[in-house]
file entry.pdb (PDB, C-alpha atoms and all ligand atoms)
ATOM      1  CA  MET A   1       3.574 -12.328  14.781  1.00  0.00           C
ATOM      2  CA  SER A   2       1.595  -9.603  12.978  1.00  0.00           C
ATOM      3  CA  LEU A   3       3.427  -7.410  10.484  1.00  0.00           C
ATOM      4  CA  ILE A   4       3.315  -3.643  10.987  1.00  0.00           C
ATOM      5  CA  ILE A   5       2.821  -2.127   7.544  1.00  0.00           C
ATOM      6  CA  ALA A   6       3.395   1.609   7.121  1.00  0.00           C
ATOM      7  CA  HIS A   7       0.369   3.095   5.354  1.00  0.00           C
ATOM      8  CA  ARG A   8       1.676   5.377   2.555  1.00  0.00           C
ATOM      9  CA  GLY A   9       4.984   5.140   4.462  1.00  0.00           C
ATOM     10  CA  TYR A  10       5.196   6.633   7.954  1.00  0.00           C
ATOM     11  CA  SER A  11       2.401   9.034   7.021  1.00  0.00           C
ATOM     12  CA  GLY A  12       1.436   9.827  10.631  1.00  0.00           C
ATOM     13  CA  LYS A  13       4.529  12.044  10.851  1.00  0.00           C
ATOM     14  CA  PHE A  14       5.919  12.482   7.337  1.00  0.00           C
ATOM     15  CA  PRO A  15       4.422  13.439   3.953  1.00  0.00           C
ATOM     16  CA  GLU A  16       2.560  10.406   2.616  1.00  0.00           C
ATOM     17  CA  ASN A  17       3.931   8.360  -0.280  1.00  0.00           C
ATOM     18  CA  THR A  18       7.305  10.140  -0.368  1.00  0.00           C
ATOM     19  CA  MET A  19      10.756   8.568  -0.112  1.00  0.00           C
ATOM     20  CA  LEU A  20      11.118  10.478   3.170  1.00  0.00           C
ATOM     21  CA  ALA A  21       8.047   8.664   4.588  1.00  0.00           C
ATOM     22  CA  PHE A  22       9.364   5.331   3.269  1.00  0.00           C
ATOM     23  CA  GLN A  23      12.851   5.853   4.710  1.00  0.00           C
ATOM     24  CA  LYS A  24      11.301   6.775   8.059  1.00  0.00           C
ATOM     25  CA  SER A  25       9.202   3.581   8.041  1.00  0.00           C
ATOM     26  CA  LEU A  26      12.423   1.611   7.903  1.00  0.00           C
ATOM     27  CA  GLU A  27      14.154   3.789  10.489  1.00  0.00           C
ATOM     28  CA  TYR A  28      11.301   3.384  12.994  1.00  0.00           C
ATOM     29  CA  GLY A  29      11.130  -0.392  12.541  1.00  0.00           C
ATOM     30  CA  ALA A  30       8.119  -1.137  10.314  1.00  0.00           C
ATOM     31  CA  ASP A  31       8.022  -4.577   8.681  1.00  0.00           C
ATOM     32  CA  GLY A  32       6.621  -3.290   5.424  1.00  0.00           C
ATOM     33  CA  ILE A  33       5.189  -0.417   3.441  1.00  0.00           C
ATOM     34  CA  GLU A  34       1.844   0.129   1.743  1.00  0.00           C
ATOM     35  CA  LEU A  35       1.773   2.541  -1.210  1.00  0.00           C
ATOM     36  CA  ASP A  36      -0.505   3.599  -4.072  1.00  0.00           C
ATOM     37  CA  ILE A  37       0.350   3.798  -7.766  1.00  0.00           C
ATOM     38  CA  GLN A  38      -0.799   5.929 -10.711  1.00  0.00           C
ATOM     39  CA  LEU A  39       0.432   6.426 -14.292  1.00  0.00           C
ATOM     40  CA  THR A  40       1.877   9.650 -15.795  1.00  0.00           C
ATOM     41  CA  LYS A  41       1.203  11.041 -19.270  1.00  0.00           C
ATOM     42  CA  ASP A  42       4.464   9.433 -20.451  1.00  0.00           C
ATOM     43  CA  SER A  43       3.499   6.063 -18.923  1.00  0.00           C
ATOM     44  CA  LYS A  44       5.744   6.090 -15.862  1.00  0.00           C
ATOM     45  CA  ILE A  45       4.412   4.558 -12.652  1.00  0.00           C
ATOM     46  CA  VAL A  46       4.463   7.071  -9.803  1.00  0.00           C
ATOM     47  CA  ILE A  47       3.503   6.721  -6.166  1.00  0.00           C
ATOM     48  CA  CYS A  48       0.563   8.860  -5.107  1.00  0.00           C
ATOM     49  CA  HIS A  49      -2.768   8.135  -3.424  1.00  0.00           C
ATOM     50  CA  ASP A  50      -4.985  10.543  -5.370  1.00  0.00           C
ATOM     51  CA  GLU A  51      -5.450  10.766  -9.135  1.00  0.00           C
ATOM     52  CA  GLU A  52      -4.813  14.514  -8.727  1.00  0.00           C
ATOM     53  CA  ILE A  53      -1.882  16.178  -6.973  1.00  0.00           C
ATOM     54  CA  ASP A  54      -3.812  19.068  -5.388  1.00  0.00           C
ATOM     55  CA  ARG A  55      -4.094  17.661  -1.846  1.00  0.00           C
ATOM     56  CA  THR A  56      -0.544  16.416  -1.392  1.00  0.00           C
ATOM     57  CA  SER A  57       1.630  18.861  -3.378  1.00  0.00           C
ATOM     58  CA  ASN A  58       2.049  22.491  -4.351  1.00  0.00           C
ATOM     59  CA  GLY A  59       0.722  21.661  -7.844  1.00  0.00           C
ATOM     60  CA  LYS A  60      -2.705  21.097  -9.310  1.00  0.00           C
ATOM     61  CA  GLY A  61      -4.336  18.713 -11.759  1.00  0.00           C
ATOM     62  CA  PHE A  62      -4.358  15.079 -12.798  1.00  0.00           C
ATOM     63  CA  ILE A  63      -1.234  12.926 -12.767  1.00  0.00           C
ATOM     64  CA  ARG A  64      -2.189  11.477 -16.160  1.00  0.00           C
ATOM     65  CA  ASP A  65      -1.909  15.006 -17.654  1.00  0.00           C
ATOM     66  CA  TYR A  66       1.724  15.484 -16.561  1.00  0.00           C
ATOM     67  CA  THR A  67       4.958  13.880 -17.704  1.00  0.00           C
ATOM     68  CA  LEU A  68       7.207  12.530 -14.980  1.00  0.00           C
ATOM     69  CA  ALA A  69       9.685  15.391 -15.519  1.00  0.00           C
ATOM     70  CA  GLU A  70       6.895  17.932 -15.049  1.00  0.00           C
ATOM     71  CA  LEU A  71       5.620  16.220 -11.905  1.00  0.00           C
ATOM     72  CA  ARG A  72       9.105  16.163 -10.398  1.00  0.00           C
ATOM     73  CA  GLU A  73       9.051  19.972 -10.324  1.00  0.00           C
ATOM     74  CA  PHE A  74       6.491  19.909  -7.495  1.00  0.00           C
ATOM     75  CA  GLU A  75       7.058  19.351  -3.793  1.00  0.00           C
ATOM     76  CA  PHE A  76       4.914  16.724  -2.102  1.00  0.00           C
ATOM     77  CA  ARG A  77       5.053  18.180   1.412  1.00  0.00           C
ATOM     78  CA  ASN A  78       1.431  17.438   2.214  1.00  0.00           C
ATOM     79  CA  ASN A  79       1.290  20.768   4.123  1.00  0.00           C
ATOM     80  CA  MET A  80       4.134  19.786   6.432  1.00  0.00           C
ATOM     81  CA  TYR A  81       6.523  22.705   6.474  1.00  0.00           C
ATOM     82  CA  ASP A  82       9.171  21.902   9.082  1.00  0.00           C
ATOM     83  CA  LEU A  83      10.680  18.696   7.871  1.00  0.00           C
ATOM     84  CA  GLU A  84      13.943  17.532   9.374  1.00  0.00           C
ATOM     85  CA  ASP A  85      15.854  15.173   7.089  1.00  0.00           C
ATOM     86  CA  GLU A  86      14.225  16.667   4.021  1.00  0.00           C
ATOM     87  CA  THR A  87      16.382  16.655   0.887  1.00  0.00           C
ATOM     88  CA  GLU A  88      15.753  17.975  -2.593  1.00  0.00           C
ATOM     89  CA  ASP A  89      14.700  14.520  -3.767  1.00  0.00           C
ATOM     90  CA  ASN A  90      12.949  12.791  -0.894  1.00  0.00           C
ATOM     91  CA  ILE A  91       9.795  14.912  -1.052  1.00  0.00           C
ATOM     92  CA  LYS A  92       9.441  14.758  -4.847  1.00  0.00           C
ATOM     93  CA  ILE A  93       6.911  12.324  -6.291  1.00  0.00           C
ATOM     94  CA  PRO A  94       8.657   8.902  -6.277  1.00  0.00           C
ATOM     95  CA  THR A  95       8.533   6.482  -9.190  1.00  0.00           C
ATOM     96  CA  LEU A  96       7.868   2.807  -8.483  1.00  0.00           C
ATOM     97  CA  ASP A  97      11.236   2.161 -10.124  1.00  0.00           C
ATOM     98  CA  GLU A  98      13.050   4.396  -7.637  1.00  0.00           C
ATOM     99  CA  PHE A  99      11.128   2.919  -4.709  1.00  0.00           C
ATOM    100  CA  LEU A 100      11.920  -0.679  -5.681  1.00  0.00           C
ATOM    101  CA  ASN A 101      15.624   0.145  -6.070  1.00  0.00           C
ATOM    102  CA  TRP A 102      15.572   1.418  -2.515  1.00  0.00           C
ATOM    103  CA  LEU A 103      13.454  -1.507  -1.266  1.00  0.00           C
ATOM    104  CA  ASN A 104      16.101  -3.834  -2.652  1.00  0.00           C
ATOM    105  CA  THR A 105      18.589  -2.381  -0.145  1.00  0.00           C
ATOM    106  CA  THR A 106      16.248  -3.313   2.753  1.00  0.00           C
ATOM    107  CA  GLU A 107      14.393  -6.410   3.943  1.00  0.00           C
ATOM    108  CA  LEU A 108      10.965  -4.765   3.977  1.00  0.00           C
ATOM    109  CA  MET A 109       7.878  -6.138   2.230  1.00  0.00           C
ATOM    110  CA  VAL A 110       5.658  -3.881   0.157  1.00  0.00           C
ATOM    111  CA  ASN A 111       1.937  -3.785  -0.548  1.00  0.00           C
ATOM    112  CA  ILE A 112       1.462  -2.101  -3.927  1.00  0.00           C
ATOM    113  CA  GLU A 113      -2.095  -0.833  -4.337  1.00  0.00           C
ATOM    114  CA  PHE A 114      -3.398  -0.241  -7.864  1.00  0.00           C
ATOM    115  CA  LYS A 115      -5.587   2.875  -7.919  1.00  0.00           C
ATOM    116  CA  THR A 116      -7.641   1.700 -10.859  1.00  0.00           C
ATOM    117  CA  SER A 117     -11.186   2.244  -9.617  1.00  0.00           C
ATOM    118  CA  ILE A 118     -11.614   5.753 -11.054  1.00  0.00           C
ATOM    119  CA  ILE A 119      -9.184   5.934 -13.998  1.00  0.00           C
ATOM    120  CA  GLU A 120      -8.284   3.025 -16.244  1.00  0.00           C
ATOM    121  CA  TYR A 121      -4.521   3.247 -16.726  1.00  0.00           C
ATOM    122  CA  ASP A 122      -3.546   1.391 -19.851  1.00  0.00           C
ATOM    123  CA  GLY A 123      -0.752  -1.109 -19.158  1.00  0.00           C
ATOM    124  CA  ILE A 124      -0.173  -0.257 -15.491  1.00  0.00           C
ATOM    125  CA  VAL A 125      -0.533  -3.882 -14.361  1.00  0.00           C
ATOM    126  CA  GLU A 126       2.027  -5.250 -16.848  1.00  0.00           C
ATOM    127  CA  LYS A 127       4.455  -2.422 -16.078  1.00  0.00           C
ATOM    128  CA  ALA A 128       4.253  -2.869 -12.303  1.00  0.00           C
ATOM    129  CA  ILE A 129       4.786  -6.622 -12.581  1.00  0.00           C
ATOM    130  CA  GLU A 130       7.757  -6.082 -14.887  1.00  0.00           C
ATOM    131  CA  LEU A 131       9.425  -3.683 -12.428  1.00  0.00           C
ATOM    132  CA  VAL A 132       8.993  -6.177  -9.582  1.00  0.00           C
ATOM    133  CA  LYS A 133      10.179  -9.154 -11.624  1.00  0.00           C
ATOM    134  CA  GLU A 134      13.286  -7.525 -13.061  1.00  0.00           C
ATOM    135  CA  ARG A 135      14.517  -7.138  -9.476  1.00  0.00           C
ATOM    136  CA  GLU A 136      13.270 -10.595  -8.400  1.00  0.00           C
ATOM    137  CA  LEU A 137      11.246  -9.027  -5.609  1.00  0.00           C
ATOM    138  CA  GLU A 138       8.159 -11.221  -6.091  1.00  0.00           C
ATOM    139  CA  ASP A 139       8.401 -12.786  -2.610  1.00  0.00           C
ATOM    140  CA  ARG A 140       8.306  -9.395  -0.931  1.00  0.00           C
ATOM    141  CA  VAL A 141       5.352  -7.928  -2.826  1.00  0.00           C
ATOM    142  CA  ILE A 142       1.580  -8.107  -2.336  1.00  0.00           C
ATOM    143  CA  PHE A 143      -0.510  -6.464  -5.062  1.00  0.00           C
ATOM    144  CA  SER A 144      -3.905  -5.178  -3.934  1.00  0.00           C
ATOM    145  CA  SER A 145      -6.815  -3.148  -5.263  1.00  0.00           C
ATOM    146  CA  PHE A 146     -10.400  -2.183  -4.567  1.00  0.00           C
ATOM    147  CA  ASN A 147     -10.886  -2.991  -8.249  1.00  0.00           C
ATOM    148  CA  HIS A 148     -10.994  -6.772  -8.114  1.00  0.00           C
ATOM    149  CA  ASN A 149     -10.808  -7.020 -11.887  1.00  0.00           C
ATOM    150  CA  THR A 150      -7.314  -5.506 -11.665  1.00  0.00           C
ATOM    151  CA  ILE A 151      -6.290  -8.248  -9.252  1.00  0.00           C
ATOM    152  CA  LYS A 152      -7.777 -10.892 -11.517  1.00  0.00           C
ATOM    153  CA  GLU A 153      -5.662  -9.381 -14.313  1.00  0.00           C
ATOM    154  CA  VAL A 154      -2.513  -9.771 -12.174  1.00  0.00           C
ATOM    155  CA  LYS A 155      -3.409 -13.394 -11.463  1.00  0.00           C
ATOM    156  CA  GLU A 156      -4.069 -14.098 -15.137  1.00  0.00           C
ATOM    157  CA  LEU A 157      -0.626 -12.755 -16.012  1.00  0.00           C
ATOM    158  CA  ASP A 158       1.096 -14.714 -13.264  1.00  0.00           C
ATOM    159  CA  SER A 159      -0.870 -16.764 -10.760  1.00  0.00           C
ATOM    160  CA  SER A 160       2.145 -17.050  -8.450  1.00  0.00           C
ATOM    161  CA  LEU A 161       2.156 -13.309  -7.634  1.00  0.00           C
ATOM    162  CA  ARG A 162       0.706 -12.689  -4.179  1.00  0.00           C
ATOM    163  CA  CYS A 163      -2.441 -10.569  -4.183  1.00  0.00           C
ATOM    164  CA  GLY A 164      -5.088  -9.121  -1.877  1.00  0.00           C
ATOM    165  CA  PHE A 165      -8.694  -8.074  -2.421  1.00  0.00           C
ATOM    166  CA  LEU A 166      -9.406  -4.715  -0.767  1.00  0.00           C
ATOM    167  CA  THR A 167     -12.941  -4.013   0.463  1.00  0.00           C
ATOM    168  CA  VAL A 168     -14.622  -1.000   2.021  1.00  0.00           C
ATOM    169  CA  ALA A 169     -17.600  -2.858   3.510  1.00  0.00           C
ATOM    170  CA  ASN A 170     -18.186  -6.445   4.656  1.00  0.00           C
ATOM    171  CA  ILE A 171     -18.653  -9.085   2.003  1.00  0.00           C
ATOM    172  CA  LEU A 172     -20.158 -12.526   2.500  1.00  0.00           C
ATOM    173  CA  ASP A 173     -17.617 -15.299   3.205  1.00  0.00           C
ATOM    174  CA  PRO A 174     -14.508 -13.290   2.217  1.00  0.00           C
ATOM    175  CA  GLY A 175     -12.210 -16.283   2.726  1.00  0.00           C
ATOM    176  CA  ALA A 176     -14.207 -18.435   0.309  1.00  0.00           C
ATOM    177  CA  TYR A 177     -14.366 -15.510  -2.143  1.00  0.00           C
ATOM    178  CA  CYS A 178     -10.569 -15.006  -2.081  1.00  0.00           C
ATOM    179  CA  GLN A 179      -9.989 -18.747  -2.296  1.00  0.00           C
ATOM    180  CA  ALA A 180     -12.260 -19.021  -5.338  1.00  0.00           C
ATOM    181  CA  HIS A 181      -9.987 -16.537  -7.136  1.00  0.00           C
ATOM    182  CA  GLN A 182      -6.748 -17.995  -5.720  1.00  0.00           C
ATOM    183  CA  VAL A 183      -6.080 -14.649  -4.016  1.00  0.00           C
ATOM    184  CA  GLU A 184      -3.952 -15.133  -0.905  1.00  0.00           C
ATOM    185  CA  TYR A 185      -4.940 -12.066   1.158  1.00  0.00           C
ATOM    186  CA  TYR A 186      -8.067 -10.276   2.254  1.00  0.00           C
ATOM    187  CA  HIS A 187      -7.596  -6.538   2.993  1.00  0.00           C
ATOM    188  CA  PRO A 188     -10.709  -5.228   4.775  1.00  0.00           C
ATOM    189  CA  ALA A 189     -11.339  -1.931   6.556  1.00  0.00           C
ATOM    190  CA  TYR A 190     -10.423  -2.771  10.172  1.00  0.00           C
ATOM    191  CA  VAL A 191     -13.929  -1.949  11.469  1.00  0.00           C
ATOM    192  CA  SER A 192     -15.228  -5.041   9.647  1.00  0.00           C
ATOM    193  CA  LEU A 193     -13.093  -7.147  11.954  1.00  0.00           C
ATOM    194  CA  LEU A 194     -14.119  -5.296  15.087  1.00  0.00           C
ATOM    195  CA  HIS A 195     -17.780  -5.853  14.278  1.00  0.00           C
ATOM    196  CA  THR A 196     -17.496  -9.370  12.879  1.00  0.00           C
ATOM    197  CA  PRO A 197     -14.323 -11.009  14.242  1.00  0.00           C
ATOM    198  CA  GLU A 198     -15.619 -14.389  12.974  1.00  0.00           C
ATOM    199  CA  ILE A 199     -14.233 -13.262   9.588  1.00  0.00           C
ATOM    200  CA  MET A 200     -10.842 -14.257  11.033  1.00  0.00           C
ATOM    201  CA  ASN A 201     -11.921 -17.902  11.422  1.00  0.00           C
ATOM    202  CA  GLU A 202     -13.660 -18.058   8.076  1.00  0.00           C
ATOM    203  CA  CYS A 203     -10.525 -16.758   6.321  1.00  0.00           C
ATOM    204  CA  GLN A 204      -8.242 -19.014   8.341  1.00  0.00           C
ATOM    205  CA  GLU A 205     -10.299 -22.074   7.388  1.00  0.00           C
ATOM    206  CA  GLN A 206      -9.842 -21.130   3.732  1.00  0.00           C
ATOM    207  CA  GLY A 207      -6.087 -20.477   4.192  1.00  0.00           C
ATOM    208  CA  ILE A 208      -6.504 -16.744   3.524  1.00  0.00           C
ATOM    209  CA  LYS A 209      -4.442 -14.175   5.469  1.00  0.00           C
ATOM    210  CA  ILE A 210      -5.843 -10.807   6.558  1.00  0.00           C
ATOM    211  CA  ASN A 211      -4.131  -7.414   6.454  1.00  0.00           C
ATOM    212  CA  ALA A 212      -6.504  -4.751   7.838  1.00  0.00           C
ATOM    213  CA  TYR A 213      -6.403  -1.022   7.076  1.00  0.00           C
ATOM    214  CA  THR A 214      -6.067   1.741   8.375  1.00  0.00           C
ATOM    215  CA  VAL A 215      -5.698   1.029  12.066  1.00  0.00           C
ATOM    216  CA  ASN A 216      -4.435   4.014  14.034  1.00  0.00           C
ATOM    217  CA  GLU A 217      -6.046   3.880  17.492  1.00  0.00           C
ATOM    218  CA  PRO A 218      -3.901   1.926  19.990  1.00  0.00           C
ATOM    219  CA  LYS A 219      -6.963   0.089  21.400  1.00  0.00           C
ATOM    220  CA  HIS A 220      -7.912  -1.108  17.898  1.00  0.00           C
ATOM    221  CA  ILE A 221      -4.340  -2.081  17.069  1.00  0.00           C
ATOM    222  CA  GLN A 222      -4.271  -4.124  20.292  1.00  0.00           C
ATOM    223  CA  ILE A 223      -7.522  -5.950  19.454  1.00  0.00           C
ATOM    224  CA  LEU A 224      -6.152  -6.962  16.046  1.00  0.00           C
ATOM    225  CA  LEU A 225      -2.774  -7.987  17.489  1.00  0.00           C
ATOM    226  CA  ASP A 226      -4.669 -10.198  19.963  1.00  0.00           C
ATOM    227  CA  LEU A 227      -6.513 -11.788  17.034  1.00  0.00           C
ATOM    228  CA  ASN A 228      -3.052 -12.596  15.610  1.00  0.00           C
ATOM    229  CA  ILE A 229      -3.877 -10.884  12.339  1.00  0.00           C
ATOM    230  CA  SER A 230      -1.337 -11.234   9.525  1.00  0.00           C
ATOM    231  CA  GLY A 231      -0.777  -7.493   9.054  1.00  0.00           C
ATOM    232  CA  ILE A 232      -1.791  -4.105  10.436  1.00  0.00           C
ATOM    233  CA  ILE A 233      -1.721  -1.260   7.932  1.00  0.00           C
ATOM    234  CA  THR A 234      -1.210   1.895  10.002  1.00  0.00           C
ATOM    235  CA  ASN A 235      -0.108   5.535   9.853  1.00  0.00           C
ATOM    236  CA  GLU A 236       1.181   5.277  13.434  1.00  0.00           C
ATOM    237  CA  ILE A 237       4.263   3.106  13.203  1.00  0.00           C
ATOM    238  CA  GLU A 238       5.817   3.906  16.557  1.00  0.00           C
ATOM    239  CA  GLU A 239       2.670   3.175  18.594  1.00  0.00           C
ATOM    240  CA  ALA A 240       1.978  -0.031  16.655  1.00  0.00           C
ATOM    241  CA  ILE A 241       5.513  -1.321  17.119  1.00  0.00           C
ATOM    242  CA  GLN A 242       5.447  -0.514  20.828  1.00  0.00           C
ATOM    243  CA  LEU A 243       2.201  -2.481  21.238  1.00  0.00           C
ATOM    244  CA  LYS A 244       3.570  -5.418  19.266  1.00  0.00           C
ATOM    245  CA  HIS A 245       6.564  -5.826  21.613  1.00  0.00           C
TER     246      HIS A 245
HETATM  247  O1  LIG A 301      -4.425  -0.537   1.211  1.00  0.00           O
HETATM  248  C1  LIG A 301      -5.125  -0.118   2.328  1.00  0.00           C
HETATM  249  C2  LIG A 301      -5.597   1.296   2.223  1.00  0.00           C
HETATM  250  O2  LIG A 301      -4.534   2.096   1.819  1.00  0.00           O
HETATM  251  C3  LIG A 301      -6.743   1.464   1.288  1.00  0.00           C
HETATM  252  O3  LIG A 301      -7.306   2.754   1.347  1.00  0.00           O
HETATM  253  O4  LIG A 301      -7.726   5.001   0.505  1.00  0.00           O
HETATM  254  O5  LIG A 301      -5.840   4.624   2.059  1.00  0.00           O
HETATM  255  O6  LIG A 301      -5.710   3.797  -0.281  1.00  0.00           O
HETATM  256  P1  LIG A 301      -6.608   4.089   0.887  1.00  0.00           P
HETATM  257 CA    CA A 302      -3.697   2.666  -0.258  1.00  0.00          CA
END

call {"tool": "encode", "arguments": {"input": "entry.pdb", "output": "structure tokens", "more": "lines below"}}
Ligand code: G3P
Ligand code: CA
result
Amino acid sequence: MSLIIAHRGYSGKFPENTMLAFQKSLEYGADGIELDIQLTKDSKIVICHDEEIDRTSNGKGFIRDYTLAELREFEFRNNMYDLEDETEDNIKIPTLDEFLNWLNTTELMVNIEFKTSIIEYDGIVEKAIELVKERELEDRVIFSSFNHNTIKEVKELDSSLRCGFLTVANILDPGAYCQAHQVEYYHPAYVSLLHTPEIMNECQEQGIKINAYTVNEPKHIQILLDLNISGIITNEIEEAIQLKH
């Protein structure tokens, strides 16, 4: 049965990558959460898709130029003004630490995406692994990145940590490619699978599982459910869950 993975939390209805969006993913029945991580000026891992906070908050500038305390002054409403269930804290930028503490009270899995393609964050890989390991959450985590060197770094530090290679466009024999690096998951843009569904067989033959992103249209979700894909990364939790049952 395919997993429904909430992309940046339940971001179809709630401000992306906030504790509110994560809590709502659980409430509406998602199996897991996908989120993005960046590093602050004082080396704290925070959850945010962009390197800058302009699009998602009432602040401006790069995350790496702010301390965590400074970043926590902003509201990450993502231009959503009428938010029921909003509290002072659940629309502030979350730390990975805070998120994992909460995750520990649930049975959800998490896909932690390293945003390391534009900025090189010194030590982010070691820090993220440490936070996961100190809570013994290894079995519920998949690390992924478009920067495949970052994933190789994870594997070099601990080959037992589950990882996924993210891609924007099709690559040749993705299953064999993942297998060659002992990476358990392939995370393609869902259109790759619609155009070349044979990727499913190639990956299956190599023992590689596929989680596709970001699948929001019901007809596309249905096609991937019919292919018995491992996971569907979606903004639209309620629709996806309805189709799954
Ligand atoms: O991890 C899947 C997906 O989130 C990758 O794209 O830009 O939404 O982080 P993006
Ligand atoms: Ca992401």

call {"tool": "closest_atom_pairs", "arguments": {"input": "entry.pdb", "of": "segment 21-43 of chain A", "to": "segment 224-234 of chain A", "cutoff": "10 Å", "atoms": "all atoms listed in the file", "output": "tab-separated table"}}
result
residue	atom	partner	partner_atom	distance
A:Ala30	CA	A:Thr234	CA	9.8
A:Asp31	CA	A:Gly231	CA	9.3
A:Gly32	CA	A:Ile233	CA	8.9
A:Ile33	CA	A:Ile233	CA	8.3
A:Glu34	CA	A:Ile233	CA	7.3

call {"tool": "closest_residue", "arguments": {"input": "entry.pdb", "among": "A:Thr196, A:Asn211, A:Asn79, A:Thr116", "to": "Glu153 of chain A", "atoms": "all atoms listed in the file"}}
result
A:Thr116

call {"tool": "residues_around", "arguments": {"input": "entry.pdb", "residues": "Met19 of chain A", "least_positions_apart": "6", "cutoff": "9 Å", "atoms": "all atoms listed in the file", "output": "PyMOL selection string"}}
result
chain A and resi 9+89-94+98-99+102

call {"tool": "write_last_selection", "arguments": {"input": "entry.pdb", "atoms": "C-alpha atoms", "output": "PDB file, keeping the file's coordinate frame"}}
result
ATOM      1  CA  GLY A   9       4.984   5.140   4.462  1.00  0.00           C
ATOM      2  CA  ASP A  89      14.700  14.520  -3.767  1.00  0.00           C
ATOM      3  CA  ASN A  90      12.949  12.791  -0.894  1.00  0.00           C
ATOM      4  CA  ILE A  91       9.795  14.912  -1.052  1.00  0.00           C
ATOM      5  CA  LYS A  92       9.441  14.758  -4.847  1.00  0.00           C
ATOM      6  CA  ILE A  93       6.911  12.324  -6.291  1.00  0.00           C
ATOM      7  CA  PRO A  94       8.657   8.902  -6.277  1.00  0.00           C
ATOM      8  CA  GLU A  98      13.050   4.396  -7.637  1.00  0.00           C
ATOM      9  CA  PHE A  99      11.128   2.919  -4.709  1.00  0.00           C
ATOM     10  CA  TRP A 102      15.572   1.418  -2.515  1.00  0.00           C
TER      11      TRP A 102
END

call {"tool": "closest_residue", "arguments": {"input": "entry.pdb", "among": "A:Glu86, A:Glu217, A:Glu205, A:Asp42", "to": "Tyr121 of chain A", "atoms": "all atoms listed in the file"}}
result
A:Asp42

call {"tool": "atom_distance", "arguments": {"input": "entry.pdb", "atom1": "atom CA of His7 of chain A", "atom2": "atom CA of Gln242 of chain A"}}
result
16.7 Å

call {"tool": "resolve_selection", "arguments": {"input": "entry.pdb", "expression": "the PyMOL selection byres (((not hetatm)) within 9 of (chain A and resi 301))", "output": "number ranges by chain"}}
result
A: 7-8, 34-36, 49-50, 111-115, 144-146, 166-168, 187-189, 211-214, 233-234

call {"tool": "residues_near_point", "arguments": {"input": "entry.pdb", "point": "(3.8, 7.4, -12.2)", "cutoff": "8 Å", "atoms": "only C-alpha atoms", "output": "list of chain:residue names"}}
result
A:Ile37, A:Gln38, A:Leu39, A:Thr40, A:Ser43, A:Lys44, A:Ile45, A:Val46, A:Ile47, A:Cys48, A:Ile63, A:Leu68, A:Pro94, A:Thr95, A:Leu96

call {"tool": "closest_residue", "arguments": {"input": "entry.pdb", "among": "A:Met109, A:Gly59, A:Asn235, A:Gln179", "to": "ligand CA 302 (chain A)", "atoms": "all atoms listed in the file"}}
result
A:Asn235

call {"tool": "atom_distance", "arguments": {"input": "entry.pdb", "atom1": "atom CA of Val110 of chain A", "atom2": "atom CA of Val132 of chain A"}}
result
10.5 Å

call {"tool": "closest_residue", "arguments": {"input": "entry.pdb", "among": "A:Ile5, A:Lys41, A:Lys133, A:His148", "to": "Thr67 of chain A", "atoms": "all atoms listed in the file"}}
result
A:Lys41

call {"tool": "closest_residue", "arguments": {"input": "entry.pdb", "among": "A:Leu194, A:Ile124, A:Leu137, A:Ile171", "to": "Thr150 of chain A", "atoms": "all atoms listed in the file"}}
result
A:Ile124
